[in-house]
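> Data file final_4.cif (mmCIF, C-alpha atoms and all ligand atoms) is appended below.
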data_target
loop_
_atom_site.group_PDB
_atom_site.id
_atom_site.type_symbol
_atom_site.label_atom_id
_atom_site.label_comp_id
_atom_site.auth_asym_id
_atom_site.auth_seq_id
_atom_site.Cartn_x
_atom_site.Cartn_y
_atom_site.Cartn_z
ATOM 1 C CA MET A 1 80.848 -99.513 174.297
ATOM 2 C CA SER A 2 83.174 -100.683 171.510
ATOM 3 C CA LYS A 3 84.610 -98.175 169.038
ATOM 4 C CA SER A 4 82.704 -97.777 165.814
ATOM 5 C CA ILE A 5 83.542 -97.095 162.216
ATOM 6 C CA LEU A 6 81.213 -96.278 159.368
ATOM 7 C CA VAL A 7 82.229 -97.228 155.832
ATOM 8 C CA VAL A 8 80.403 -95.389 153.053
ATOM 9 C CA TYR A 9 81.004 -96.361 149.420
ATOM 10 C CA TYR A 10 79.577 -96.839 145.958
ATOM 11 C CA SER A 11 80.756 -99.294 143.338
ATOM 12 C CA GLN A 12 79.526 -100.261 139.886
ATOM 13 C CA SER A 13 81.828 -103.053 138.763
ATOM 14 C CA GLY A 14 82.575 -104.223 142.299
ATOM 15 C CA GLN A 15 86.197 -103.029 142.116
ATOM 16 C CA LEU A 16 85.849 -100.415 144.846
ATOM 17 C CA GLU A 17 83.729 -102.812 146.899
ATOM 18 C CA GLN A 18 86.579 -105.363 146.795
ATOM 19 C CA ILE A 19 89.015 -102.653 147.890
ATOM 20 C CA VAL A 20 86.687 -101.659 150.742
ATOM 21 C CA ASN A 21 86.332 -105.288 151.874
ATOM 22 C CA ASN A 22 90.102 -105.841 151.924
ATOM 23 C CA PHE A 23 90.753 -102.514 153.597
ATOM 24 C CA THR A 24 88.261 -103.161 156.402
ATOM 25 C CA LEU A 25 89.308 -106.791 157.076
ATOM 26 C CA PRO A 26 91.611 -105.818 159.970
ATOM 27 C CA PHE A 27 88.754 -103.811 161.556
ATOM 28 C CA VAL A 28 86.274 -106.652 161.139
ATOM 29 C CA ASN A 29 88.767 -109.051 162.775
ATOM 30 C CA SER A 30 89.159 -106.751 165.785
ATOM 31 C CA ASP A 31 86.675 -105.713 168.465
ATOM 32 C CA ILE A 32 85.542 -102.677 166.480
ATOM 33 C CA ASP A 33 81.954 -102.286 165.351
ATOM 34 C CA VAL A 34 82.095 -101.876 161.540
ATOM 35 C CA GLU A 35 79.004 -100.604 159.741
ATOM 36 C CA TYR A 36 78.838 -100.545 155.920
ATOM 37 C CA CYS A 37 76.623 -98.218 153.932
ATOM 38 C CA LYS A 38 76.491 -98.678 150.168
ATOM 39 C CA ILE A 39 75.214 -95.593 148.371
ATOM 40 C CA LYS A 40 72.098 -96.416 146.358
ATOM 41 C CA PRO A 41 70.921 -93.899 143.754
ATOM 42 C CA VAL A 42 67.175 -94.111 143.071
ATOM 43 C CA ASN A 43 67.986 -94.363 139.361
ATOM 44 C CA ASP A 44 71.302 -96.175 139.430
ATOM 45 C CA PHE A 45 73.937 -95.646 136.755
ATOM 46 C CA PRO A 46 74.256 -98.430 134.185
ATOM 47 C CA PHE A 47 77.105 -100.911 134.109
ATOM 48 C CA PRO A 48 78.294 -101.658 131.498
ATOM 49 C CA TRP A 49 77.693 -98.183 130.096
ATOM 50 C CA THR A 50 76.651 -97.224 126.598
ATOM 51 C CA SER A 51 78.957 -94.627 125.077
ATOM 52 C CA GLU A 52 76.190 -91.988 125.214
ATOM 53 C CA GLN A 53 75.413 -92.603 128.910
ATOM 54 C CA PHE A 54 79.102 -92.581 129.806
ATOM 55 C CA PHE A 55 79.805 -89.143 128.335
ATOM 56 C CA ASP A 56 76.447 -87.830 129.539
ATOM 57 C CA ALA A 57 77.624 -88.256 133.154
ATOM 58 C CA MET A 58 80.210 -85.485 132.682
ATOM 59 C CA PRO A 59 78.256 -82.249 133.407
ATOM 60 C CA GLU A 60 76.670 -83.414 136.686
ATOM 61 C CA SER A 61 79.929 -85.016 137.874
ATOM 62 C CA VAL A 62 81.980 -81.884 137.227
ATOM 63 C CA ALA A 63 79.353 -79.420 138.469
ATOM 64 C CA GLY A 64 78.716 -81.574 141.569
ATOM 65 C CA ILE A 65 74.981 -81.883 140.856
ATOM 66 C CA PRO A 66 73.574 -84.649 143.058
ATOM 67 C CA THR A 67 71.235 -87.435 142.006
ATOM 68 C CA GLU A 68 68.396 -88.624 144.232
ATOM 69 C CA LEU A 69 69.455 -91.330 146.688
ATOM 70 C CA ASN A 70 67.556 -93.974 148.595
ATOM 71 C CA GLU A 71 67.951 -92.384 151.997
ATOM 72 C CA PRO A 72 71.091 -93.802 153.664
ATOM 73 C CA ILE A 73 70.343 -95.364 157.052
ATOM 74 C CA PHE A 74 72.933 -95.057 159.792
ATOM 75 C CA LYS A 75 72.511 -97.080 162.977
ATOM 76 C CA ARG A 76 74.297 -94.572 165.190
ATOM 77 C CA GLU A 77 74.224 -90.826 165.523
ATOM 78 C CA THR A 78 78.020 -90.590 165.825
ATOM 79 C CA TYR A 79 81.017 -92.731 164.822
ATOM 80 C CA ASP A 80 84.644 -92.737 165.951
ATOM 81 C CA LEU A 81 85.871 -92.923 162.363
ATOM 82 C CA ILE A 82 84.346 -92.716 158.902
ATOM 83 C CA VAL A 83 85.885 -94.349 155.834
ATOM 84 C CA PHE A 84 84.648 -92.620 152.713
ATOM 85 C CA ALA A 85 85.448 -94.697 149.630
ATOM 86 C CA TYR A 86 84.803 -93.150 146.233
ATOM 87 C CA GLN A 87 85.799 -93.171 142.583
ATOM 88 C CA PRO A 88 86.560 -90.127 140.433
ATOM 89 C CA TRP A 89 84.357 -89.450 137.413
ATOM 90 C CA TYR A 90 85.642 -86.749 135.055
ATOM 91 C CA LEU A 91 88.275 -85.554 137.538
ATOM 92 C CA SER A 92 85.542 -85.003 140.135
ATOM 93 C CA PRO A 93 83.907 -87.179 142.786
ATOM 94 C CA SER A 94 81.460 -89.594 141.080
ATOM 95 C CA ILE A 95 77.827 -88.442 141.108
ATOM 96 C CA PRO A 96 76.837 -90.991 143.816
ATOM 97 C CA ALA A 97 79.768 -89.723 145.923
ATOM 98 C CA ASN A 98 78.886 -86.044 145.528
ATOM 99 C CA SER A 99 75.241 -86.889 146.254
ATOM 100 C CA VAL A 100 75.883 -88.544 149.607
ATOM 101 C CA LEU A 101 78.234 -85.730 150.598
ATOM 102 C CA GLN A 102 75.315 -83.335 150.085
ATOM 103 C CA ASN A 103 72.896 -85.577 152.004
ATOM 104 C CA GLN A 104 71.853 -84.114 155.366
ATOM 105 C CA GLU A 105 71.846 -87.483 157.226
ATOM 106 C CA PHE A 106 75.437 -88.081 156.170
ATOM 107 C CA LYS A 107 76.467 -84.504 156.915
ATOM 108 C CA ASN A 108 75.095 -84.982 160.450
ATOM 109 C CA VAL A 109 77.350 -87.961 161.154
ATOM 110 C CA LEU A 110 80.354 -86.244 159.586
ATOM 111 C CA ILE A 111 80.416 -83.383 162.105
ATOM 112 C CA ASN A 112 83.676 -83.398 164.095
ATOM 113 C CA THR A 113 84.451 -86.947 162.950
ATOM 114 C CA PRO A 114 87.816 -88.137 161.607
ATOM 115 C CA VAL A 115 87.545 -89.307 157.997
ATOM 116 C CA VAL A 116 89.795 -91.524 155.902
ATOM 117 C CA THR A 117 89.242 -91.339 152.142
ATOM 118 C CA LEU A 118 89.833 -94.460 150.059
ATOM 119 C CA ILE A 119 90.003 -93.913 146.305
ATOM 120 C CA GLY A 120 89.717 -96.468 143.502
ATOM 121 C CA SER A 121 90.722 -94.596 140.334
ATOM 122 C CA ARG A 122 92.162 -95.058 136.860
ATOM 123 C CA ASN A 123 95.020 -92.679 137.676
ATOM 124 C CA MET A 124 93.557 -89.182 138.015
ATOM 125 C CA TRP A 125 92.162 -88.461 141.467
ATOM 126 C CA LEU A 126 93.950 -85.263 142.562
ATOM 127 C CA MET A 127 91.305 -82.739 141.493
ATOM 128 C CA ALA A 128 88.471 -84.939 142.810
ATOM 129 C CA GLN A 129 90.179 -85.129 146.182
ATOM 130 C CA GLU A 130 90.404 -81.326 146.306
ATOM 131 C CA GLN A 131 86.621 -81.223 145.960
ATOM 132 C CA ILE A 132 86.209 -83.905 148.632
ATOM 133 C CA LYS A 133 88.360 -81.808 150.978
ATOM 134 C CA LYS A 134 85.929 -78.904 150.471
ATOM 135 C CA TYR A 135 82.829 -81.043 151.133
ATOM 136 C CA LEU A 136 84.424 -82.419 154.314
ATOM 137 C CA LYS A 137 85.500 -78.984 155.491
ATOM 138 C CA ASP A 138 81.975 -77.621 154.937
ATOM 139 C CA ALA A 139 80.611 -80.538 156.975
ATOM 140 C CA VAL A 140 83.133 -79.817 159.775
ATOM 141 C CA ALA A 141 84.659 -83.279 159.371
ATOM 142 C CA ILE A 142 88.370 -83.922 159.927
ATOM 143 C CA LEU A 143 90.259 -85.534 157.050
ATOM 144 C CA VAL A 144 93.026 -87.616 158.642
ATOM 145 C CA GLY A 145 94.102 -89.987 155.878
ATOM 146 C CA ASN A 146 93.937 -90.686 152.182
ATOM 147 C CA ILE A 147 94.667 -93.881 150.287
ATOM 148 C CA ALA A 148 94.506 -93.730 146.498
ATOM 149 C CA LEU A 149 94.770 -96.904 144.443
ATOM 150 C CA HIS A 150 95.149 -96.642 140.682
ATOM 151 C CA ASP A 151 95.803 -98.518 137.456
ATOM 152 C CA ARG A 152 99.601 -98.774 137.142
ATOM 153 C CA ASN A 153 99.627 -99.001 133.347
ATOM 154 C CA SER A 154 100.597 -95.930 131.306
ATOM 155 C CA ASN A 155 98.039 -93.151 130.940
ATOM 156 C CA LEU A 156 97.281 -93.956 127.307
ATOM 157 C CA ILE A 157 96.995 -97.716 127.784
ATOM 158 C CA SER A 158 94.745 -97.344 130.832
ATOM 159 C CA ALA A 159 92.570 -94.828 128.932
ATOM 160 C CA ILE A 160 92.001 -97.496 126.258
ATOM 161 C CA THR A 161 91.457 -100.440 128.592
ATOM 162 C CA VAL A 162 89.115 -98.529 130.930
ATOM 163 C CA GLN A 163 86.828 -97.792 127.945
ATOM 164 C CA TYR A 164 86.816 -101.483 127.001
ATOM 165 C CA TRP A 165 85.957 -102.386 130.611
ATOM 166 C CA MET A 166 83.257 -99.715 131.042
ATOM 167 C CA PHE A 167 81.543 -100.484 127.709
ATOM 168 C CA THR A 168 81.628 -104.306 127.934
ATOM 169 C CA GLY A 169 81.683 -104.918 131.692
ATOM 170 C CA LYS A 170 84.647 -107.265 131.144
ATOM 171 C CA LYS A 171 87.754 -106.747 133.278
ATOM 172 C CA ASP A 172 90.009 -108.939 131.148
ATOM 173 C CA ASN A 173 92.813 -108.702 128.564
ATOM 174 C CA TRP A 174 91.189 -107.109 125.517
ATOM 175 C CA LEU A 175 92.125 -109.041 122.343
ATOM 176 C CA GLY A 176 94.659 -110.932 124.424
ATOM 177 C CA ILE A 177 97.011 -107.972 123.801
ATOM 178 C CA PHE A 178 96.093 -105.275 126.298
ATOM 179 C CA PRO A 179 96.740 -105.549 130.047
ATOM 180 C CA LYS A 180 93.801 -106.069 132.397
ATOM 181 C CA PRO A 181 91.940 -102.779 133.011
ATOM 182 C CA GLY A 182 91.681 -101.064 136.355
ATOM 183 C CA ILE A 183 93.514 -101.652 139.617
ATOM 184 C CA SER A 184 95.550 -104.874 139.694
ATOM 185 C CA ASP A 185 94.420 -107.789 141.866
ATOM 186 C CA GLU A 186 97.641 -107.416 143.830
ATOM 187 C CA ASP A 187 96.914 -103.756 144.626
ATOM 188 C CA ILE A 188 93.308 -104.556 145.527
ATOM 189 C CA LEU A 189 94.606 -107.103 148.052
ATOM 190 C CA SER A 190 97.175 -104.598 149.341
ATOM 191 C CA ALA A 191 94.306 -102.462 150.669
ATOM 192 C CA LYS A 192 94.357 -104.765 153.721
ATOM 193 C CA LYS A 193 97.860 -103.532 154.576
ATOM 194 C CA TYR A 194 96.612 -99.925 154.603
ATOM 195 C CA GLY A 195 93.652 -100.973 156.735
ATOM 196 C CA GLU A 196 96.124 -102.366 159.272
ATOM 197 C CA ILE A 197 97.999 -99.056 159.368
ATOM 198 C CA VAL A 198 94.781 -97.099 159.897
ATOM 199 C CA LEU A 199 93.599 -99.540 162.575
ATOM 200 C CA GLU A 200 96.853 -99.227 164.514
ATOM 201 C CA HIS A 201 96.689 -95.413 164.502
ATOM 202 C CA PHE A 202 92.980 -95.494 165.324
ATOM 203 C CA LYS A 203 93.432 -97.790 168.326
ATOM 204 C CA ASN A 204 96.364 -95.738 169.623
ATOM 205 C CA ASN A 205 94.478 -92.439 169.201
ATOM 206 C CA ASN A 206 97.246 -91.331 166.877
ATOM 207 C CA LEU A 207 95.315 -90.381 163.760
ATOM 208 C CA HIS A 208 97.183 -87.074 163.400
ATOM 209 C CA ASN A 209 100.274 -89.058 162.363
ATOM 210 C CA LEU A 210 98.380 -91.384 160.050
ATOM 211 C CA GLN A 211 98.953 -89.678 156.707
ATOM 212 C CA SER A 212 102.763 -89.550 157.045
ATOM 213 C CA GLU A 213 102.749 -93.302 157.705
ATOM 214 C CA LEU A 214 100.471 -93.905 154.709
ATOM 215 C CA ILE A 215 102.804 -91.836 152.508
ATOM 216 C CA LYS A 216 105.799 -93.844 153.750
ATOM 217 C CA ASN A 217 103.968 -97.037 152.794
ATOM 218 C CA LYS A 218 103.098 -95.737 149.326
ATOM 219 C CA ALA A 219 99.364 -95.702 149.919
ATOM 220 C CA LEU A 220 99.226 -92.890 147.373
ATOM 221 C CA GLN A 221 101.549 -91.401 144.797
ATOM 222 C CA VAL A 222 101.556 -88.077 142.983
ATOM 223 C CA LYS A 223 103.109 -88.046 139.527
ATOM 224 C CA SER A 224 104.046 -84.640 138.134
ATOM 225 C CA ASN A 225 103.038 -85.495 134.546
ATOM 226 C CA ILE A 226 99.583 -86.603 135.649
ATOM 227 C CA LEU A 227 99.226 -83.526 137.871
ATOM 228 C CA PHE A 228 100.070 -81.327 134.875
ATOM 229 C CA ILE A 229 97.447 -82.969 132.622
ATOM 230 C CA GLU A 230 94.833 -83.211 135.353
ATOM 231 C CA SER A 231 94.900 -79.607 136.505
ATOM 232 C CA ARG A 232 94.538 -78.335 132.933
ATOM 233 C CA GLY A 233 91.945 -80.985 132.078
ATOM 234 C CA TYR A 234 89.865 -80.012 135.091
ATOM 235 C CA MET A 235 89.724 -76.350 134.022
ATOM 236 C CA MET A 236 88.514 -77.435 130.572
ATOM 237 C CA PHE A 237 85.937 -79.857 132.029
ATOM 238 C CA LYS A 238 84.535 -76.989 134.130
ATOM 239 C CA ILE A 239 84.002 -74.933 130.975
ATOM 240 C CA TRP A 240 82.447 -77.901 129.139
ATOM 241 C CA ALA A 241 80.133 -78.736 132.063
ATOM 242 C CA ARG A 242 78.879 -75.149 132.342
ATOM 243 C CA THR A 243 78.347 -74.979 128.575
ATOM 244 C CA VAL A 244 76.484 -78.293 128.267
ATOM 245 C CA LEU A 245 74.237 -77.511 131.256
ATOM 246 C CA LYS A 246 73.159 -74.250 129.607
ATOM 247 C CA LYS A 247 72.439 -75.700 126.156
ATOM 248 C CA ARG A 248 69.049 -76.963 125.035
ATOM 249 C CA ASN A 249 70.483 -79.508 122.614
ATOM 250 C CA ARG A 250 72.298 -81.579 125.249
ATOM 251 C CA LYS A 251 72.760 -84.628 123.008
ATOM 252 C CA LEU A 252 74.666 -82.629 120.410
ATOM 253 C CA TRP A 253 76.905 -80.968 123.010
ATOM 254 C CA ILE A 254 77.663 -84.276 124.708
ATOM 255 C CA HIS A 255 78.664 -85.633 121.308
ATOM 256 C CA LEU A 256 80.969 -82.634 120.780
ATOM 257 C CA PHE A 257 82.466 -83.201 124.230
ATOM 258 C CA LYS A 258 83.100 -86.848 123.371
ATOM 259 C CA CYS A 259 84.986 -85.829 120.175
ATOM 260 C CA TYR A 260 86.942 -83.241 122.178
ATOM 261 C CA LEU A 261 87.890 -85.769 124.866
ATOM 262 C CA ILE A 262 89.103 -88.389 122.390
ATOM 263 C CA PHE A 263 91.177 -85.758 120.557
ATOM 264 C CA VAL A 264 92.674 -84.382 123.769
ATOM 265 C CA LEU A 265 93.343 -87.772 125.337
ATOM 266 C CA PHE A 266 95.013 -89.454 122.402
ATOM 267 C CA ILE A 267 96.488 -86.595 120.348
ATOM 268 C CA LEU A 268 96.805 -83.284 122.170
ATOM 269 C CA SER A 269 97.866 -84.344 125.667
ATOM 270 C CA PRO A 270 100.767 -86.618 124.547
ATOM 271 C CA LEU A 271 102.151 -83.680 122.513
ATOM 272 C CA ILE A 272 101.659 -81.118 125.286
ATOM 273 C CA LEU A 273 103.141 -83.549 127.783
ATOM 274 C CA LEU A 274 106.241 -84.009 125.644
ATOM 275 C CA PHE A 275 106.674 -80.219 125.474
ATOM 276 C CA TYR A 276 106.185 -79.983 129.242
ATOM 277 C CA ILE A 277 108.745 -82.714 129.983
ATOM 278 C CA LEU A 278 111.369 -81.216 127.636
ATOM 279 C CA PHE A 279 110.960 -77.490 128.132
ATOM 280 C CA ILE A 280 109.048 -76.708 131.341
ATOM 281 C CA LYS A 281 109.521 -79.440 133.928
ATOM 282 C CA PRO A 282 113.331 -79.111 134.206
ATOM 283 C CA PHE A 283 112.937 -75.474 135.326
ATOM 284 C CA LEU A 284 110.213 -76.081 137.910
ATOM 285 C CA THR A 285 111.833 -78.696 140.155
ATOM 286 C CA ASN A 286 111.149 -76.860 143.434
ATOM 287 C CA LYS A 287 107.619 -75.848 142.544
ATOM 288 C CA ILE A 288 106.760 -79.431 141.507
ATOM 289 C CA LYS A 289 108.205 -80.793 144.760
ATOM 290 C CA LYS A 290 106.013 -78.433 146.792
ATOM 291 C CA GLN A 291 102.939 -79.302 144.733
ATOM 292 C CA LYS A 292 103.568 -83.026 145.237
ATOM 293 C CA GLU A 293 103.881 -82.539 148.996
ATOM 294 C CA TYR A 294 100.607 -80.635 149.030
ATOM 295 C CA TYR A 295 98.646 -83.293 147.136
ATOM 296 C CA LEU A 296 100.142 -86.125 149.194
ATOM 297 C CA ASN A 297 98.933 -84.514 152.394
ATOM 298 C CA VAL A 298 95.458 -84.080 153.807
ATOM 299 C CA ASN A 299 95.421 -80.348 154.642
HETATM 300 C C1 LIG B 1 81.964 -91.936 133.908
HETATM 301 C C2 LIG B 1 83.318 -92.318 134.439
HETATM 302 C C3 LIG B 1 84.318 -91.363 134.482
HETATM 303 C C4 LIG B 1 85.574 -91.702 135.021
HETATM 304 N N1 LIG B 1 86.528 -90.723 135.164
HETATM 305 C C5 LIG B 1 87.689 -91.003 135.810
HETATM 306 C C6 LIG B 1 88.634 -89.959 136.100
HETATM 307 O O1 LIG B 1 88.436 -88.782 135.818
HETATM 308 N N2 LIG B 1 89.802 -90.303 136.732
HETATM 309 C C7 LIG B 1 90.079 -91.607 137.080
HETATM 310 O O2 LIG B 1 91.154 -91.859 137.617
HETATM 311 N N3 LIG B 1 89.174 -92.599 136.845
HETATM 312 C C8 LIG B 1 88.000 -92.333 136.238
HETATM 313 N N4 LIG B 1 87.068 -93.338 136.038
HETATM 314 C C9 LIG B 1 87.323 -94.690 136.599
HETATM 315 C C10 LIG B 1 86.647 -94.775 137.977
HETATM 316 O O3 LIG B 1 87.211 -93.842 138.872
HETATM 317 C C11 LIG B 1 86.719 -96.170 138.638
HETATM 318 O O4 LIG B 1 88.038 -96.524 138.881
HETATM 319 C C12 LIG B 1 86.043 -97.249 137.832
HETATM 320 O O5 LIG B 1 84.847 -96.756 137.271
HETATM 321 C C13 LIG B 1 85.722 -98.476 138.681
HETATM 322 O O6 LIG B 1 84.919 -98.119 139.778
HETATM 323 P P1 LIG B 1 83.739 -99.012 140.378
HETATM 324 O O7 LIG B 1 84.251 -99.674 141.595
HETATM 325 O O8 LIG B 1 82.600 -98.068 140.663
HETATM 326 O O9 LIG B 1 83.347 -100.004 139.302
HETATM 327 C C14 LIG B 1 85.830 -93.032 135.468
HETATM 328 C C15 LIG B 1 84.804 -93.982 135.385
HETATM 329 C C16 LIG B 1 83.566 -93.633 134.894
HETATM 330 C C17 LIG B 1 82.484 -94.676 134.864
#
Starting from the coordinates I provided, produce the structure as structure tokens.
Ligand SMILES: Cc1cc2nc3c(=O)[nH]c(=O)nc-3n(C[C@H](O)[C@H](O)[C@H](O)COP(=O)(O)O)c2cc1C


Amino acid sequence: MSKSILVVYYSQSGQLEQIVNNFTLPFVNSDIDVEYCKIKPVNDFPFPWTSEQFFDAMPESVAGIPTELNEPIFKRETYDLIVFAYQPWYLSPSIPANSVLQNQEFKNVLINTPVVTLIGSRNMWLMAQEQIKKYLKDAVAILVGNIALHDRNSNLISAITVQYWMFTGKKDNWLGIFPKPGISDEDILSAKKYGEIVLEHFKNNNLHNLQSELIKNKALQVKSNILFIESRGYMMFKIWARTVLKKRNRKLWIHLFKCYLIFVLFILSPLILLFYILFIKPFLTNKIKKQKEYYLNVN
């Protein structure tokens, strides 16, 4: 019987779906049986989003509260490899991603199976991946590789353009001034190269060396400034999520969260980051190096 891989993903705009299709091309062109499973929430999330809906997705994303799914159907009981493609929402796995990870059918196929994660993010995926590691560990799956594609524009520019994209559905140059939002076409195409690397290691039963090869080929990058903002942002999001979930007047609290996020994103974090770069980072070279190594790896 030929080897099999299962590819599980969710995508709103089609960006992650394009990445998945490019990534799996080498598998499809080989003798491997590739099965795709697109996650389908019973009440799917809107795209484009309204501002209210967009911010309202925060508490459940951060707290990992699942939404109801149309039951995923897997043709086999076991697979030789699973590719789990997801997008971060509020520094956490998106709600469709957390939902399938808590689905018993999916947990059954994950047991003792090597998993490669494939991320399509703006630029902040480190904290989400930590949560994915926990879900996979609980399901007794074996994380063997991680590929994280991101928007290469600066944090502030990508924060502006992603809003334009999410609220209009248009992935183009806003006002003819801003760069295109999201992951560049070139990077989306490059997913095929990473698929080839995974395929080679998969065929040679050498998945334990996969992540070092992916790191060498820049399949993921960890930037210390982003790590600094993300780890602090995640702690704050946890507090906000817990608070909003407890409150009766959810609309009001979501509005307050929206004001907080805009203030932090565009005013507070650039100032804190400047302080960090000037006065903290130079004294933490070794610690930062170790942290980067940790987040690049799959353990
Ligand atoms: C509600 C929401 C929150 C998001 N939060 C993050 C985030 O914390 N970090 C990040 O890098 N990208 C974030 N993004 C961008 C997504 O990870 C993703 O790249 C984008 O939505 C395109 O994915 P798609 O293929 O599902 O359309 C967010 C998107 C949405 C809709």

> Residues at most 12 Å from Phe178 of chain A, counting only C-alpha atoms, excluding those fewer than 6 positions away in the same chain, as a PyMOL selection string?

chain A and resi 153-154+156-162+164-165+171-172

> I'd like a table as CSV: residues in chain A with an atom no more than 6 Å from ligand LIG 1 (chain B), each row giving the shortest atom pair and its distance in Å to one decimal, all atoms listed in the file counted, sorted by chain and rising residue number.


residue,atom,partner,partner_atom,distance
A:Ser11,CA,B:LIG1,O8,3.5
A:Gln12,CA,B:LIG1,O8,3.9
A:Ser13,CA,B:LIG1,O9,3.4
A:Gly14,CA,B:LIG1,O7,4.9
A:Gln15,CA,B:LIG1,O7,3.9
A:Leu16,CA,B:LIG1,O7,3.7
A:Phe54,CA,B:LIG1,C1,5.0
A:Ala57,CA,B:LIG1,C1,5.7
A:Gln87,CA,B:LIG1,O3,4.0
A:Pro88,CA,B:LIG1,O3,4.1
A:Trp89,CA,B:LIG1,N1,3.4
A:Tyr90,CA,B:LIG1,O1,3.5
A:Leu91,CA,B:LIG1,O1,3.7
A:Gly120,CA,B:LIG1,O4,4.9
A:Ser121,CA,B:LIG1,O4,3.6
A:Arg122,CA,B:LIG1,O2,3.4
A:Asn123,CA,B:LIG1,O2,4.0
A:Met124,CA,B:LIG1,O2,3.6
A:Trp125,CA,B:LIG1,O2,5.2

> I'd like the residues picked by the PyMOL selection byres (((chain A and resi 143) around 9) and not hetatm) written out as a PyMOL selection string, using the chain letters and numbers from the file.

chain A and resi 113-117+133+136-137+141-142+144-146+298-299

> Could you dump the residues just selected with C-alpha atoms as a JSON list (two decimals), in the frame of the given file?


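Contents of again.json, as written:
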[["chain", "number", "residue", "atom", "x", "y", "z"],
["A", 113, "THR", "CA", 84.45, -86.95, 162.95],
["A", 114, "PRO", "CA", 87.82, -88.14, 161.61],
["A", 115, "VAL", "CA", 87.54, -89.31, 158.00],
["A", 116, "VAL", "CA", 89.80, -91.52, 155.90],
["A", 117, "THR", "CA", 89.24, -91.34, 152.14],
["A", 133, "LYS", "CA", 88.36, -81.81, 150.98],
["A", 136, "LEU", "CA", 84.42, -82.42, 154.31],
["A", 137, "LYS", "CA", 85.50, -78.98, 155.49],
["A", 141, "ALA", "CA", 84.66, -83.28, 159.37],
["A", 142, "ILE", "CA", 88.37, -83.92, 159.93],
["A", 144, "VAL", "CA", 93.03, -87.62, 158.64],
["A", 145, "GLY", "CA", 94.10, -89.99, 155.88],
["A", 146, "ASN", "CA", 93.94, -90.69, 152.18],
["A", 298, "VAL", "CA", 95.46, -84.08, 153.81],
["A", 299, "ASN", "CA", 95.42, -80.35, 154.64]]

> Name the residues within 10 Å of (67.6, -96.9, 147.8), counting all atoms listed in the file in the file's coordinates, and put them as a list in words.

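In the file's frame, the residues around the point are Lys38, Ile39, Lys40, Pro41, Val42, Asn43, Asp44, Glu68, Leu69, Asn70, Glu71, Pro72 and Ile73 of chain A.
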
> Compile the contact shell of Asp185 of chain A as JSON, numbers by chain: residues with an atom at most 12 Å away, counting only C-alpha atoms, same-chain residues fewer than 2 positions apart removed.

{"A": [15, 16, 18, 19, 22, 149, 150, 151, 152, 171, 172, 180, 181, 182, 183, 187, 188, 189, 190, 191]}

> Keeping only C-alpha atoms, take the residues you just selected and write them out as a PDB file, in the frame of the given file.


ATOM      1  CA  GLN A  15      86.197-103.029 142.116  1.00  0.00           C
ATOM      2  CA  LEU A  16      85.849-100.415 144.846  1.00  0.00           C
ATOM      3  CA  GLN A  18      86.579-105.363 146.795  1.00  0.00           C
ATOM      4  CA  ILE A  19      89.015-102.653 147.890  1.00  0.00           C
ATOM      5  CA  ASN A  22      90.102-105.841 151.924  1.00  0.00           C
ATOM      6  CA  LEU A 149      94.770 -96.904 144.443  1.00  0.00           C
ATOM      7  CA  HIS A 150      95.149 -96.642 140.682  1.00  0.00           C
ATOM      8  CA  ASP A 151      95.803 -98.518 137.456  1.00  0.00           C
ATOM      9  CA  ARG A 152      99.601 -98.774 137.142  1.00  0.00           C
ATOM     10  CA  LYS A 171      87.754-106.747 133.278  1.00  0.00           C
ATOM     11  CA  ASP A 172      90.009-108.939 131.148  1.00  0.00           C
ATOM     12  CA  LYS A 180      93.801-106.069 132.397  1.00  0.00           C
ATOM     13  CA  PRO A 181      91.940-102.779 133.011  1.00  0.00           C
ATOM     14  CA  GLY A 182      91.681-101.064 136.355  1.00  0.00           C
ATOM     15  CA  ILE A 183      93.514-101.652 139.617  1.00  0.00           C
ATOM     16  CA  ASP A 187      96.914-103.756 144.626  1.00  0.00           C
ATOM     17  CA  ILE A 188      93.308-104.556 145.527  1.00  0.00           C
ATOM     18  CA  LEU A 189      94.606-107.103 148.052  1.00  0.00           C
ATOM     19  CA  SER A 190      97.175-104.598 149.341  1.00  0.00           C
ATOM     20  CA  ALA A 191      94.306-102.462 150.669  1.00  0.00           C
TER      21      ALA A 191
END

> Compare A:Ile177, A:Val198, A:Ile277, A:Leu6 by their minimum atom-to-atom distance to Glu77 of chain A, counting all atoms listed in the file, and give me the closest one.

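For Glu77 of chain A, the nearest of the candidates is A:Leu6.
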
> Take the PyMOL selection byres (((chain A and resi 254-268) around 8) and not hetatm), apply it to the structure above, and return the hits as an MDAnalysis selection string.

chainID A and resid 52 55:56 156 159 240 244 250:253 269:272

> Using only C-alpha atoms, which residue out of A:Tyr276, A:Phe23, A:Tyr9, A:Phe47 lies closest to Tyr194 of chain A?

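Ranked by minimum distance to Tyr194 of chain A, first place goes to A:Phe23.
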